[in-house]
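With compact mmCIF, C-alpha atoms inside, this is structure_26.txt:
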# COMPACT_ATOMS: atom_id res chain seq x y z
CA MET A 1 0.00 0.00 0.00
CA HIS A 2 1.26 3.48 -0.85
CA GLN A 3 1.16 5.91 2.03
CA TYR A 4 0.35 8.75 -0.33
CA THR A 5 -1.22 8.84 -3.80
CA VAL A 6 -1.02 12.01 -5.88
CA VAL A 7 -3.66 12.31 -8.61
CA ILE A 8 -2.36 14.88 -11.07
CA SER A 9 -4.72 17.49 -12.49
CA ASP A 10 -5.77 16.36 -15.97
CA VAL A 11 -6.73 19.71 -17.50
CA GLY A 12 -3.33 20.07 -19.23
CA LYS A 13 -4.03 17.38 -21.84
CA HIS A 14 -1.97 14.92 -19.81
CA ASP A 15 -3.60 11.95 -21.55
CA HIS A 16 -2.88 13.05 -25.13
CA GLY A 17 -0.14 11.63 -27.37
CA ASP A 18 3.10 10.78 -25.57
CA ARG A 19 1.71 12.26 -22.37
CA GLY A 20 -0.76 9.39 -22.16
CA SER A 21 1.96 6.77 -21.65
CA ARG A 22 3.37 5.41 -18.42
CA PRO A 23 7.03 5.74 -19.59
CA TYR A 24 6.45 9.43 -20.20
CA TRP A 25 5.26 10.02 -16.66
CA THR A 26 8.01 7.87 -15.18
CA LEU A 27 10.55 10.20 -16.80
CA ALA A 28 8.55 13.32 -15.94
CA SER A 29 8.38 12.33 -12.28
CA HIS A 30 12.18 12.43 -12.13
CA PHE A 31 13.21 15.12 -14.59
CA GLY A 32 10.17 17.05 -15.81
CA ALA A 33 9.38 20.65 -14.96
CA TYR A 34 5.65 20.24 -14.42
CA ALA A 35 4.35 22.54 -11.70
CA GLU A 36 1.71 19.97 -10.76
CA LEU A 37 4.39 17.49 -9.64
CA GLY A 38 5.77 19.66 -6.84
CA LEU A 39 3.75 17.83 -4.19
CA TYR A 40 4.82 14.43 -5.55
CA TRP A 41 8.52 15.42 -5.42
CA PHE A 42 8.13 16.84 -1.92
CA LEU A 43 6.51 13.72 -0.49
CA GLY A 44 9.08 11.52 -2.22
CA ALA A 45 11.93 13.53 -0.71
CA TYR A 46 10.66 12.98 2.83
CA PHE A 47 9.04 9.54 2.67
CA GLY A 48 10.81 7.88 -0.27
CA ARG A 49 9.44 7.25 -3.74
CA SER A 50 8.12 3.83 -2.79
CA ALA A 51 5.70 5.53 -0.38
CA VAL A 52 4.19 7.80 -3.05
CA ALA A 53 2.20 6.88 -6.17
CA LEU A 54 1.59 9.25 -9.07
CA VAL A 55 -1.52 8.61 -11.18
CA ARG A 56 -3.92 10.39 -13.53
CA PRO A 57 -7.72 10.27 -13.24
CA SER A 58 -7.92 8.19 -16.42
CA GLU A 59 -5.71 5.53 -14.81
CA LEU A 60 -8.04 5.31 -11.82
CA LEU A 61 -11.02 4.93 -14.12
CA ALA A 62 -9.32 2.11 -15.99
CA ARG A 63 -8.33 0.11 -12.90
CA SER A 64 -10.00 -3.24 -12.44
CA SER A 65 -8.31 -4.13 -9.15
CA ALA A 66 -8.58 -2.34 -5.83
CA PHE A 67 -5.72 -0.53 -4.14
CA LYS A 68 -5.32 1.24 -0.81
CA THR A 69 -3.67 4.49 0.15
CA ASP A 70 -3.64 6.47 3.36
CA THR A 71 -4.03 9.94 1.81
CA LEU A 72 -5.31 10.69 -1.68
CA PHE A 73 -4.17 14.09 -2.98
CA VAL A 74 -6.26 15.28 -5.95
CA GLY A 75 -4.98 18.06 -8.21
CA LEU A 76 -7.35 20.81 -9.35
CA PRO A 77 -8.99 21.34 -11.74
CA THR A 78 -9.91 17.69 -12.25
CA SER A 79 -12.29 15.39 -14.10
CA LEU A 80 -12.40 13.12 -11.04
CA ARG A 81 -15.85 11.79 -10.16
CA GLY A 82 -17.20 9.08 -7.91
CA GLU A 83 -16.70 6.39 -10.55
CA HIS A 84 -12.95 7.01 -10.53
CA LEU A 85 -12.74 5.92 -6.89
CA GLN A 86 -14.72 2.69 -7.04
CA ASN A 87 -11.54 0.63 -6.61
CA VAL A 88 -9.67 3.04 -4.34
CA ARG A 89 -9.65 2.74 -0.55
CA PHE A 90 -8.34 5.77 1.30
CA ARG A 91 -8.47 7.32 4.75
CA ARG A 92 -8.45 10.95 3.66
CA LEU A 93 -8.87 12.94 0.43
CA VAL A 94 -7.11 16.30 0.13
CA LEU A 95 -7.31 18.70 -2.82
CA TYR A 96 -4.33 20.65 -4.10
CA ASP A 97 -4.23 23.54 -6.54
CA SER A 98 -0.83 24.39 -8.05
CA THR A 99 -2.21 27.07 -10.40
CA ASP A 100 -1.69 30.81 -9.86
CA PHE A 101 -5.43 31.30 -9.41
CA ASP A 102 -6.26 33.68 -6.56
CA GLY A 103 -8.23 31.25 -4.42
CA VAL A 104 -9.18 27.64 -5.12
CA ASN A 105 -9.36 26.90 -8.84
CA PHE A 106 -12.12 24.33 -9.28
CA GLY A 107 -12.53 25.15 -12.98
CA ASP A 108 -14.83 22.57 -14.56
CA SER A 109 -14.43 20.14 -11.67
CA ASP A 110 -17.43 18.61 -9.94
CA LYS A 111 -17.13 21.09 -7.09
CA ALA A 112 -20.17 19.95 -5.12
CA TRP A 113 -19.02 16.33 -5.11
CA LEU A 114 -15.44 17.25 -4.16
CA LEU A 115 -16.62 19.38 -1.25
CA GLU A 116 -18.48 16.33 0.04
CA GLN A 117 -15.21 14.37 0.07
CA THR A 118 -12.89 16.80 1.84
CA ASP A 119 -12.51 19.98 3.87
CA THR A 120 -8.92 20.82 2.84
CA CYS A 121 -7.07 22.19 -0.18
CA LEU A 122 -3.35 22.94 -0.54
CA LYS A 123 -2.14 26.12 -2.28
CA ASN A 124 1.31 27.60 -2.97
CA TRP A 125 0.34 30.46 -0.70
CA ARG A 126 -2.32 31.30 1.86
CA ASP A 127 -3.92 34.74 1.94
CA ASP A 128 -5.44 35.87 5.24
CA ARG A 129 -8.05 37.87 3.29
CA TRP A 130 -9.53 34.78 1.67
CA GLN A 131 -12.85 33.45 2.92
CA PRO A 132 -12.57 29.95 1.45
CA GLU A 133 -15.00 27.07 1.74
CA LEU A 134 -12.06 24.84 2.66
CA LYS A 135 -9.13 24.84 5.05
CA ILE A 136 -6.05 25.99 3.12
CA GLY A 137 -2.77 24.12 3.56
CA LEU A 138 0.56 24.99 1.92
CA LEU A 139 2.08 23.40 -1.17
CA PRO A 140 5.84 23.20 -1.74
CA ILE A 141 7.49 25.39 -4.35
CA LYS A 142 7.55 23.84 -7.81
CA ARG A 143 11.08 22.62 -8.52
CA PRO A 144 11.97 19.25 -10.08
CA PRO A 145 14.47 17.36 -7.88
CA LEU A 146 17.05 16.29 -10.47
CA ASN A 147 16.63 18.88 -13.22
CA ASN A 148 17.26 21.68 -10.72
CA ARG A 149 19.68 24.30 -12.04
CA LEU A 150 19.28 26.43 -8.92
CA ARG A 151 20.89 23.71 -6.80
CA THR A 152 23.87 23.52 -9.16
CA ALA A 153 24.21 27.31 -9.27
CA ILE A 154 24.16 27.51 -5.46
CA LYS A 155 26.93 24.91 -5.18
CA ILE A 156 29.07 26.72 -7.77
CA ALA A 157 28.59 30.05 -5.98
CA ALA A 158 29.50 28.48 -2.62
CA ALA A 159 32.67 26.97 -4.09
CA LYS A 160 33.67 30.36 -5.51
CA ARG A 161 33.19 32.01 -2.11
CA THR A 162 35.33 29.33 -0.46
CA LEU A 163 38.11 29.90 -3.00
CA GLY A 164 37.87 33.68 -2.69
CA MET A 165 36.51 33.96 -6.25
CA ALA A 166 33.06 35.32 -5.50
CA PRO A 167 31.95 37.97 -8.03
CA GLN A 168 31.99 41.57 -6.87
CA LYS A 169 28.70 43.36 -6.23
CA SER A 170 29.33 45.83 -9.04
CA PHE A 171 25.66 46.47 -9.94
CA ASP A 172 23.20 48.35 -7.76
CA VAL A 173 20.11 46.46 -8.97
CA GLY A 174 19.55 43.15 -10.74
CA PHE A 175 16.33 42.34 -12.57
CA VAL A 176 15.23 40.38 -15.66
CA ALA A 177 11.60 40.29 -16.77
CA ARG A 178 9.25 39.66 -19.68
CA PRO A 179 7.03 42.69 -20.43
CA THR A 180 3.65 41.00 -20.30
CA GLY A 181 0.76 43.39 -19.73
CA SER A 182 0.82 47.17 -19.66
CA VAL A 183 2.98 49.43 -17.55
CA SER A 184 -0.03 50.65 -15.57
CA SER A 185 -1.18 47.15 -14.59
CA ASN A 186 2.15 45.28 -14.35
CA GLN A 187 4.17 45.82 -11.20
CA ARG A 188 7.33 44.50 -12.86
CA LEU A 189 7.18 47.07 -15.66
CA GLN A 190 6.15 49.88 -13.33
CA TRP A 191 9.14 49.25 -11.05
CA LEU A 192 11.55 49.11 -13.95
CA TYR A 193 10.12 52.34 -15.36
CA GLU A 194 10.46 54.11 -12.01
CA LEU A 195 14.01 52.85 -11.57
CA LYS A 196 15.18 54.00 -15.01
CA SER A 197 13.35 57.33 -15.02
CA GLU A 198 14.03 58.44 -11.43
CA ARG A 199 17.48 56.95 -10.76
CA PRO A 200 19.26 56.60 -14.12
CA GLN A 201 22.61 56.78 -12.29
CA TRP A 202 22.06 53.39 -10.66
CA LYS A 203 23.79 50.52 -12.44
CA LEU A 204 21.24 47.94 -13.56
CA TRP A 205 22.09 44.36 -14.43
CA GLY A 206 19.47 42.78 -16.67
CA GLY A 207 16.47 44.30 -18.40
CA LEU A 208 13.60 43.15 -20.58
CA VAL A 209 13.58 39.93 -22.60
CA GLY A 210 10.98 38.23 -24.76
CA ALA A 211 9.35 38.10 -28.15
CA ASP A 212 9.48 41.06 -30.55
CA SER A 213 5.67 41.22 -30.38
CA TRP A 214 5.93 42.22 -26.72
CA ARG A 215 8.34 45.00 -27.58
CA GLN A 216 6.00 46.27 -30.26
CA SER A 217 3.04 46.09 -27.90
CA LEU A 218 4.95 47.94 -25.21
CA GLY A 219 5.77 50.67 -27.73
CA ALA A 220 2.15 51.82 -27.57
CA GLU A 221 2.55 52.88 -23.92
CA HIS A 222 2.74 56.62 -23.38
CA HIS A 223 6.06 56.43 -21.49
CA ALA A 224 7.47 53.35 -23.23
CA GLU A 225 10.51 55.27 -24.50
CA VAL A 226 12.18 54.75 -21.12
CA LEU A 227 11.54 51.00 -21.11
CA GLN A 228 12.66 50.63 -24.71
CA THR A 229 16.20 51.39 -23.49
CA CYS A 230 16.01 48.34 -21.21
CA TRP A 231 15.72 45.67 -23.91
CA LEU A 232 18.42 43.01 -24.01
CA ASN A 233 17.49 41.97 -27.59
CA ARG A 234 17.02 38.32 -26.70
CA ARG A 235 14.10 36.06 -25.89
CA LYS A 236 15.55 34.89 -22.59
CA VAL A 237 18.66 34.81 -20.42
CA GLY A 238 20.22 31.43 -19.59
CA PHE A 239 19.76 30.44 -15.96
CA PHE A 240 23.44 30.38 -14.98
CA GLN A 241 24.04 33.76 -16.61
CA TYR A 242 20.97 35.04 -14.79
CA PHE A 243 22.10 33.71 -11.40
CA ASN A 244 25.63 35.02 -11.91
CA GLY A 245 24.14 38.43 -12.70
CA LEU A 246 22.23 38.36 -9.43
CA CYS A 247 25.45 37.40 -7.63
CA GLN A 248 26.94 40.64 -8.98
CA SER A 249 23.95 42.74 -7.86
CA LYS A 250 23.47 44.36 -4.47
CA VAL A 251 19.67 44.52 -4.71
CA ALA A 252 17.28 42.26 -6.64
CA LEU A 253 13.74 43.22 -7.53
CA ALA A 254 11.06 40.59 -6.91
CA PRO A 255 7.70 42.14 -7.81
CA ARG A 256 4.64 39.96 -8.05
CA GLY A 257 3.74 38.27 -11.31
CA TYR A 258 0.62 36.15 -11.70
CA ALA A 259 0.99 35.12 -8.04
CA PRO A 260 2.22 37.02 -4.96
CA TRP A 261 5.55 35.14 -4.99
CA THR A 262 8.05 34.21 -7.68
CA TYR A 263 11.18 32.07 -7.89
CA ARG A 264 13.08 35.36 -7.92
CA HIS A 265 12.60 35.61 -4.17
CA PHE A 266 14.52 32.40 -3.49
CA GLU A 267 17.05 32.84 -6.30
CA ALA A 268 17.91 36.36 -5.22
CA LEU A 269 18.30 35.42 -1.56
CA TYR A 270 20.63 32.57 -2.49
CA ALA A 271 22.61 34.96 -4.73
CA GLY A 272 23.28 37.22 -1.75
CA CYS A 273 21.02 40.11 -2.79
CA ILE A 274 18.85 42.25 -0.59
CA VAL A 275 15.41 41.52 -2.00
CA VAL A 276 12.93 44.29 -2.74
CA SER A 277 9.58 42.53 -2.87
CA ASN A 278 5.91 43.24 -3.24
CA ASP A 279 4.02 43.42 0.06
CA LEU A 280 3.94 39.93 1.62
CA SER A 281 2.15 40.85 4.84
CA HIS A 282 -1.07 38.99 3.98
CA TYR A 283 0.58 35.77 2.81
CA GLU A 284 1.97 32.55 4.22
CA PHE A 285 4.24 30.17 2.31
CA LEU A 286 5.62 26.73 3.06
CA VAL A 287 9.14 28.17 3.15
CA PRO A 288 8.72 31.48 4.94
CA PHE A 289 10.79 34.45 3.80
CA PRO A 290 13.23 36.36 6.08
CA ARG A 291 11.03 39.42 5.82
CA GLU A 292 12.91 41.45 8.43
CA LYS A 293 15.95 41.32 6.11
CA MET A 294 13.97 42.22 2.98
CA ILE A 295 12.29 45.45 1.86
CA GLU A 296 8.62 45.30 0.86
CA VAL A 297 6.71 47.76 -1.32
CA GLY A 298 3.00 48.52 -1.08
CA ASP A 299 0.89 48.07 -4.19
CA ASP A 300 0.60 51.81 -4.83
CA ASP A 301 4.04 52.84 -3.55
CA SER A 302 7.15 53.74 -5.52
CA VAL A 303 9.95 51.18 -5.60
CA VAL A 304 12.72 53.82 -5.55
CA PRO A 305 12.70 54.50 -1.75
CA ALA A 306 12.66 50.74 -1.17
CA ILE A 307 15.77 50.24 -3.31
CA GLU A 308 17.49 53.08 -1.45
CA ALA A 309 16.63 51.40 1.87
CA ALA A 310 17.93 48.06 0.60
CA LEU A 311 21.23 49.59 -0.54
CA LYS A 312 21.64 51.23 2.87
CA MET A 313 20.82 47.93 4.61
CA LEU A 314 23.59 46.13 2.73
CA GLU A 315 26.03 49.00 3.33
CA ARG A 316 25.33 49.07 7.07
CA ALA A 317 25.16 45.30 7.51
CA PRO A 318 26.98 43.47 4.68
CA GLU A 319 26.57 40.23 6.64
CA THR A 320 22.83 40.33 5.85
CA ALA A 321 23.37 38.49 2.55
CA ALA A 322 25.03 35.52 4.28
CA ALA A 323 22.41 35.59 7.04
CA ASN A 324 19.63 35.25 4.46
CA ARG A 325 21.35 32.27 2.85
CA ASP A 326 21.76 30.68 6.28
CA TYR A 327 18.08 31.26 6.96
CA LEU A 328 17.05 29.42 3.79
CA ASP A 329 19.42 26.59 4.71
CA GLY A 330 17.14 25.92 7.65
CA TRP A 331 14.30 25.06 5.26
CA LEU A 332 15.94 23.95 2.01
CA ASP A 333 19.03 21.92 1.18
CA ASP A 334 20.68 24.04 -1.53
CA GLY A 335 17.28 24.86 -2.98
CA VAL A 336 15.59 21.45 -2.62
CA TYR A 337 13.64 19.65 0.09
CA SER A 338 15.47 17.14 2.23
CA ARG A 339 14.60 14.81 5.08
CA ARG A 340 17.60 16.34 6.87
CA LEU A 341 15.36 19.37 7.45
CA PRO A 342 12.34 18.02 9.34
CA GLN A 343 11.03 21.47 10.25
CA THR A 344 9.89 21.96 6.65
CA LEU A 345 7.86 18.76 6.77
CA ALA A 346 6.50 19.74 10.19
CA ARG A 347 5.30 23.06 8.77
CA PHE A 348 3.67 21.27 5.83
CA MET A 349 1.86 18.87 8.17
CA ALA A 350 0.75 21.66 10.49
CA ALA A 351 -0.75 23.59 7.58
CA LEU A 352 -2.35 20.39 6.29
CA GLN A 353 -4.13 20.03 9.62
CA GLY A 354 -5.23 23.67 9.55
CA GLU A 355 -3.05 24.59 12.51
CA PRO A 356 -1.74 28.17 12.93
CA LEU A 357 1.87 28.64 11.82
CA THR A 358 4.63 30.52 13.60
Is it possible to give me this structure as C-alpha cells?
Amino acid sequence: MHQYTVVISDVGKHDHGDRGSRPYWTLASHFGAYAELGLYWFLGAYFGRSAVALVRPSELLARSSAFKTDTLFVGLPTSLRGEHLQNVRFRRLVLYDSTDFDGVNFGDSDKAWLLEQTDTCLKNWRDDRWQPELKIGLLPIKRPPLNNRLRTAIKIAAAKRTLGMAPQKSFDVGFVARPTGSVSSNQRLQWLYELKSERPQWKLWGGLVGADSWRQSLGAEHHAEVLQTCWLNRRKVGFFQYFNGLCQSKVALAPRGYAPWTYRHFEALYAGCIVVSNDLSHYEFLVPFPREKMIEVGDDDSVVPAIEAALKMLERAPETAAANRDYLDGWLDDGVYSRRLPQTLARFMAALQGEPLT
C-alpha cells in the first residue's frame, strides 16, 4: 500500500499523445518541470518514492483491481468523479491547486461532489483575506528534484566564495523580466520604469527579454521610450548567466507576477542580494521568507525609496546576505527539500491540519 497517492490534475491534456503513456510520466516524475508534480517530489523527498504513487484520473477509471492508500491528494482542476474511486480505498482525500489562481481553482471540476469528500485544499500560498469554503494548507514550491539548475548554481557560488573567487557586487540592482501586460497594470514594468526614469545613475544588471511582439506592444505605452532602453534583444537569459548576474547585484527586484511570490525571491536570496519585494504581509508560504531582512513595497508605492533602503541595509550590515542564505538553509538543502530538514515537513503537516503557523 502506498502511504500517499497524488492524482495529477488532468486539464493540461496529460492523456494526449506521448503524455498518455506510463514511460512518459516515469521520466517526468524524475526530470520534468511540471508545476503539478511539486507535491509528488516533496513527499518523495521525505518519505521515499516507494511511499508515493503518481496517477492520472484516467488511470483510476481504468483500474480493475482495488488498491489502498492512506491519503489521496487530488490536483485541481480535475475530471475526477465518484466512478474514478470505485476501486480506491483511502483514509483521507485532500485537494491541491498548483495554479496561480487567486483562491481555489475548481474550474470545470465537480465542485459539489469534491466538497463532500474533503474539507482541505493545498495552495502555494495562503492569503489571510480569503474566505474559502475549505481549510487551506501549503504546497511546496515547484522545482523538479534532479533537473534543478538552482541547486547547481548555489553549489558553484558556494565553491567560488570558499576559494575567494566570489563575483563583486558591481551592480546596484539586478532584474530580468518579460514585459507581459501594460505598464499601468504590471508591477514588474512599473518598477523598472520608475528605476530607469528616477534613478538613471544606478547601475542595472538585466532588463527586458521576450518576443518582438511584446516589444511592439509595449511601444504603444505613453512612457514606453524609457523602457525601450532596457531591452536586451534576446528572448531569454540562460539560468546560470541570470544567477551570476544576481550574484553581482546588491539589490534584486522581486515584484509579483501572476501570483504574490516568484522564484526570484529564493534565487535572489541565495545569490546574496537584498530583495525588494511586493508586500507579503497577507501571505503565508511553506518556506517562509526572512522578511525582516527584505524590503517590501506597497501596491501603490514607488519602488525607488525601497531600493534606497535596501542599498543602505547592505552597506550598514553586509553580513545580511550571508544571514539570508543561512536562513534558507534551515528550510531547504541548496534549494531542494530534504529529510535532513524536518522542520519543513513539520510546517507542511501543520498547515495540512489547519493549525496556525509561527
Do a neighbour search on region 78-95 of chain A at 6 Å with only C-alpha atoms, toss out local chain neighbours closer than 6 positions, and write the hits as a PDB file with C-alpha atoms, keeping the file's coordinate frame.
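Result file follows (part_19.pdb):
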ATOM      1  CA  SER A   9      -4.720  17.490 -12.490  1.00  0.00           C
ATOM      2  CA  ASP A  10      -5.770  16.360 -15.970  1.00  0.00           C
ATOM      3  CA  PRO A  57      -7.720  10.270 -13.240  1.00  0.00           C
ATOM      4  CA  LEU A  60      -8.040   5.310 -11.820  1.00  0.00           C
ATOM      5  CA  LEU A  61     -11.020   4.930 -14.120  1.00  0.00           C
ATOM      6  CA  ALA A  66      -8.580  -2.340  -5.830  1.00  0.00           C
ATOM      7  CA  PHE A  67      -5.720  -0.530  -4.140  1.00  0.00           C
ATOM      8  CA  LYS A  68      -5.320   1.240  -0.810  1.00  0.00           C
ATOM      9  CA  THR A  69      -3.670   4.490   0.150  1.00  0.00           C
ATOM     10  CA  ASP A  70      -3.640   6.470   3.360  1.00  0.00           C
ATOM     11  CA  THR A  71      -4.030   9.940   1.810  1.00  0.00           C
ATOM     12  CA  LEU A  72      -5.310  10.690  -1.680  1.00  0.00           C
ATOM     13  CA  SER A 109     -14.430  20.140 -11.670  1.00  0.00           C
ATOM     14  CA  THR A 118     -12.890  16.800   1.840  1.00  0.00           C
ATOM     15  CA  THR A 120      -8.920  20.820   2.840  1.00  0.00           C
ATOM     16  CA  CYS A 121      -7.070  22.190  -0.180  1.00  0.00           C
TER      17      CYS A 121
END
Need to verify the contact set: Val55 (chain A), 10 Å, all atoms listed in the file, exclusion of same-chain residues closer than 6 positions in sequence. Can you return it as a short mmCIF file (atom, residue, chain, number, x, y, z; two decimals) with C-alpha atoms, in the frame of the given file?
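Wrote it out as part11.cif, contents follow:
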data_model
loop_
_atom_site.label_atom_id
_atom_site.label_comp_id
_atom_site.auth_asym_id
_atom_site.auth_seq_id
_atom_site.Cartn_x
_atom_site.Cartn_y
_atom_site.Cartn_z
CA THR A 5 -1.22 8.84 -3.80
CA VAL A 6 -1.02 12.01 -5.88
CA VAL A 7 -3.66 12.31 -8.61
CA ILE A 8 -2.36 14.88 -11.07
CA SER A 9 -4.72 17.49 -12.49
CA ARG A 22 3.37 5.41 -18.42
CA TRP A 25 5.26 10.02 -16.66
CA VAL A 74 -6.26 15.28 -5.95
#
Spatial neighbours of Leu246 (chain A), max dist 9 Å, all atoms listed in the file, sep filter under 4 positions, as a list in words: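 The residues satisfying every condition are Lys169, Phe171, Val173, Gly174, Phe175, Trp205, Gly206, Gln241, Tyr242, Lys250, Val251, Ala252, Glu267, Ala268, Ala271, Gly272 and Cys273 of chain A.
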Taking all atoms listed in the file into account, name the residue in A:Lys123, A:Ser58, A:Trp113, A:Phe243 that is nearest to Ala157 (chain A). A:Phe243
Of the candidates A:Tyr4, A:Trp125, A:Phe240, A:Phe106, which one gets nearest to Glu284 (chain A) if we count only C-alpha atoms?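 Checking each of A:Tyr4, A:Trp125, A:Phe240, A:Phe106 against Glu284 (chain A), counting only C-alpha atoms, the winner is A:Trp125.
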What gap, in Å, lies between CA of Pro342 (chain A) and CA of Asp326 (chain A)?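 Between CA of Pro342 (chain A) and CA of Asp326 (chain A) the gap works out to 16.1 Å.
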Could you jot down the CA of Gly257 (chain A) to CA of Glu315 (chain A) separation for me, Å, one decimal place?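 Taking CA of Gly257 (chain A) as the start and CA of Glu315 (chain A) as the end point, the length is 28.7 Å.
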How would region 57-71 of chain A read, as a PDB file, in the coordinates of the input, once N, CA and C atoms are built in?
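Result went into result.pdb, see below:
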ATOM      1  N   PRO A  57      -6.338  10.748 -13.392  1.00  0.00           N
ATOM      2  CA  PRO A  57      -7.720  10.270 -13.240  1.00  0.00           C
ATOM      3  C   PRO A  57      -8.089   9.164 -14.218  1.00  0.00           C
ATOM      4  N   SER A  58      -7.591   9.230 -15.438  1.00  0.00           N
ATOM      5  CA  SER A  58      -7.920   8.190 -16.420  1.00  0.00           C
ATOM      6  C   SER A  58      -7.401   6.829 -15.994  1.00  0.00           C
ATOM      7  N   GLU A  59      -6.246   6.803 -15.293  1.00  0.00           N
ATOM      8  CA  GLU A  59      -5.710   5.530 -14.810  1.00  0.00           C
ATOM      9  C   GLU A  59      -6.610   4.941 -13.725  1.00  0.00           C
ATOM     10  N   LEU A  60      -7.145   5.803 -12.859  1.00  0.00           N
ATOM     11  CA  LEU A  60      -8.040   5.310 -11.820  1.00  0.00           C
ATOM     12  C   LEU A  60      -9.314   4.735 -12.442  1.00  0.00           C
ATOM     13  N   LEU A  61      -9.792   5.386 -13.473  1.00  0.00           N
ATOM     14  CA  LEU A  61     -11.020   4.930 -14.120  1.00  0.00           C
ATOM     15  C   LEU A  61     -10.821   3.590 -14.803  1.00  0.00           C
ATOM     16  N   ALA A  62      -9.598   3.345 -15.267  1.00  0.00           N
ATOM     17  CA  ALA A  62      -9.320   2.110 -15.990  1.00  0.00           C
ATOM     18  C   ALA A  62      -8.953   0.940 -15.085  1.00  0.00           C
ATOM     19  N   ARG A  63      -8.753   1.196 -13.802  1.00  0.00           N
ATOM     20  CA  ARG A  63      -8.330   0.110 -12.900  1.00  0.00           C
ATOM     21  C   ARG A  63      -9.438  -0.906 -12.706  1.00  0.00           C
ATOM     22  N   SER A  64      -9.038  -2.171 -12.709  1.00  0.00           N
ATOM     23  CA  SER A  64     -10.000  -3.240 -12.440  1.00  0.00           C
ATOM     24  C   SER A  64      -9.770  -3.882 -11.085  1.00  0.00           C
ATOM     25  N   SER A  65      -8.619  -3.582 -10.467  1.00  0.00           N
ATOM     26  CA  SER A  65      -8.310  -4.130  -9.150  1.00  0.00           C
ATOM     27  C   SER A  65      -8.245  -3.009  -8.126  1.00  0.00           C
ATOM     28  N   ALA A  66      -8.555  -3.335  -6.895  1.00  0.00           N
ATOM     29  CA  ALA A  66      -8.580  -2.340  -5.830  1.00  0.00           C
ATOM     30  C   ALA A  66      -7.175  -2.046  -5.316  1.00  0.00           C
ATOM     31  N   PHE A  67      -6.968  -0.821  -4.838  1.00  0.00           N
ATOM     32  CA  PHE A  67      -5.720  -0.530  -4.140  1.00  0.00           C
ATOM     33  C   PHE A  67      -6.030   0.429  -2.997  1.00  0.00           C
ATOM     34  N   LYS A  68      -5.120   0.437  -2.007  1.00  0.00           N
ATOM     35  CA  LYS A  68      -5.320   1.240  -0.810  1.00  0.00           C
ATOM     36  C   LYS A  68      -4.242   2.305  -0.716  1.00  0.00           C
ATOM     37  N   THR A  69      -4.615   3.430  -0.137  1.00  0.00           N
ATOM     38  CA  THR A  69      -3.670   4.490   0.150  1.00  0.00           C
ATOM     39  C   THR A  69      -4.151   5.229   1.388  1.00  0.00           C
ATOM     40  N   ASP A  70      -3.227   5.752   2.154  1.00  0.00           N
ATOM     41  CA  ASP A  70      -3.640   6.470   3.360  1.00  0.00           C
ATOM     42  C   ASP A  70      -4.270   7.811   2.991  1.00  0.00           C
ATOM     43  N   THR A  71      -3.539   8.612   2.195  1.00  0.00           N
ATOM     44  CA  THR A  71      -4.030   9.940   1.810  1.00  0.00           C
ATOM     45  C   THR A  71      -4.039  10.047   0.300  1.00  0.00           C
TER      46      THR A  71
END
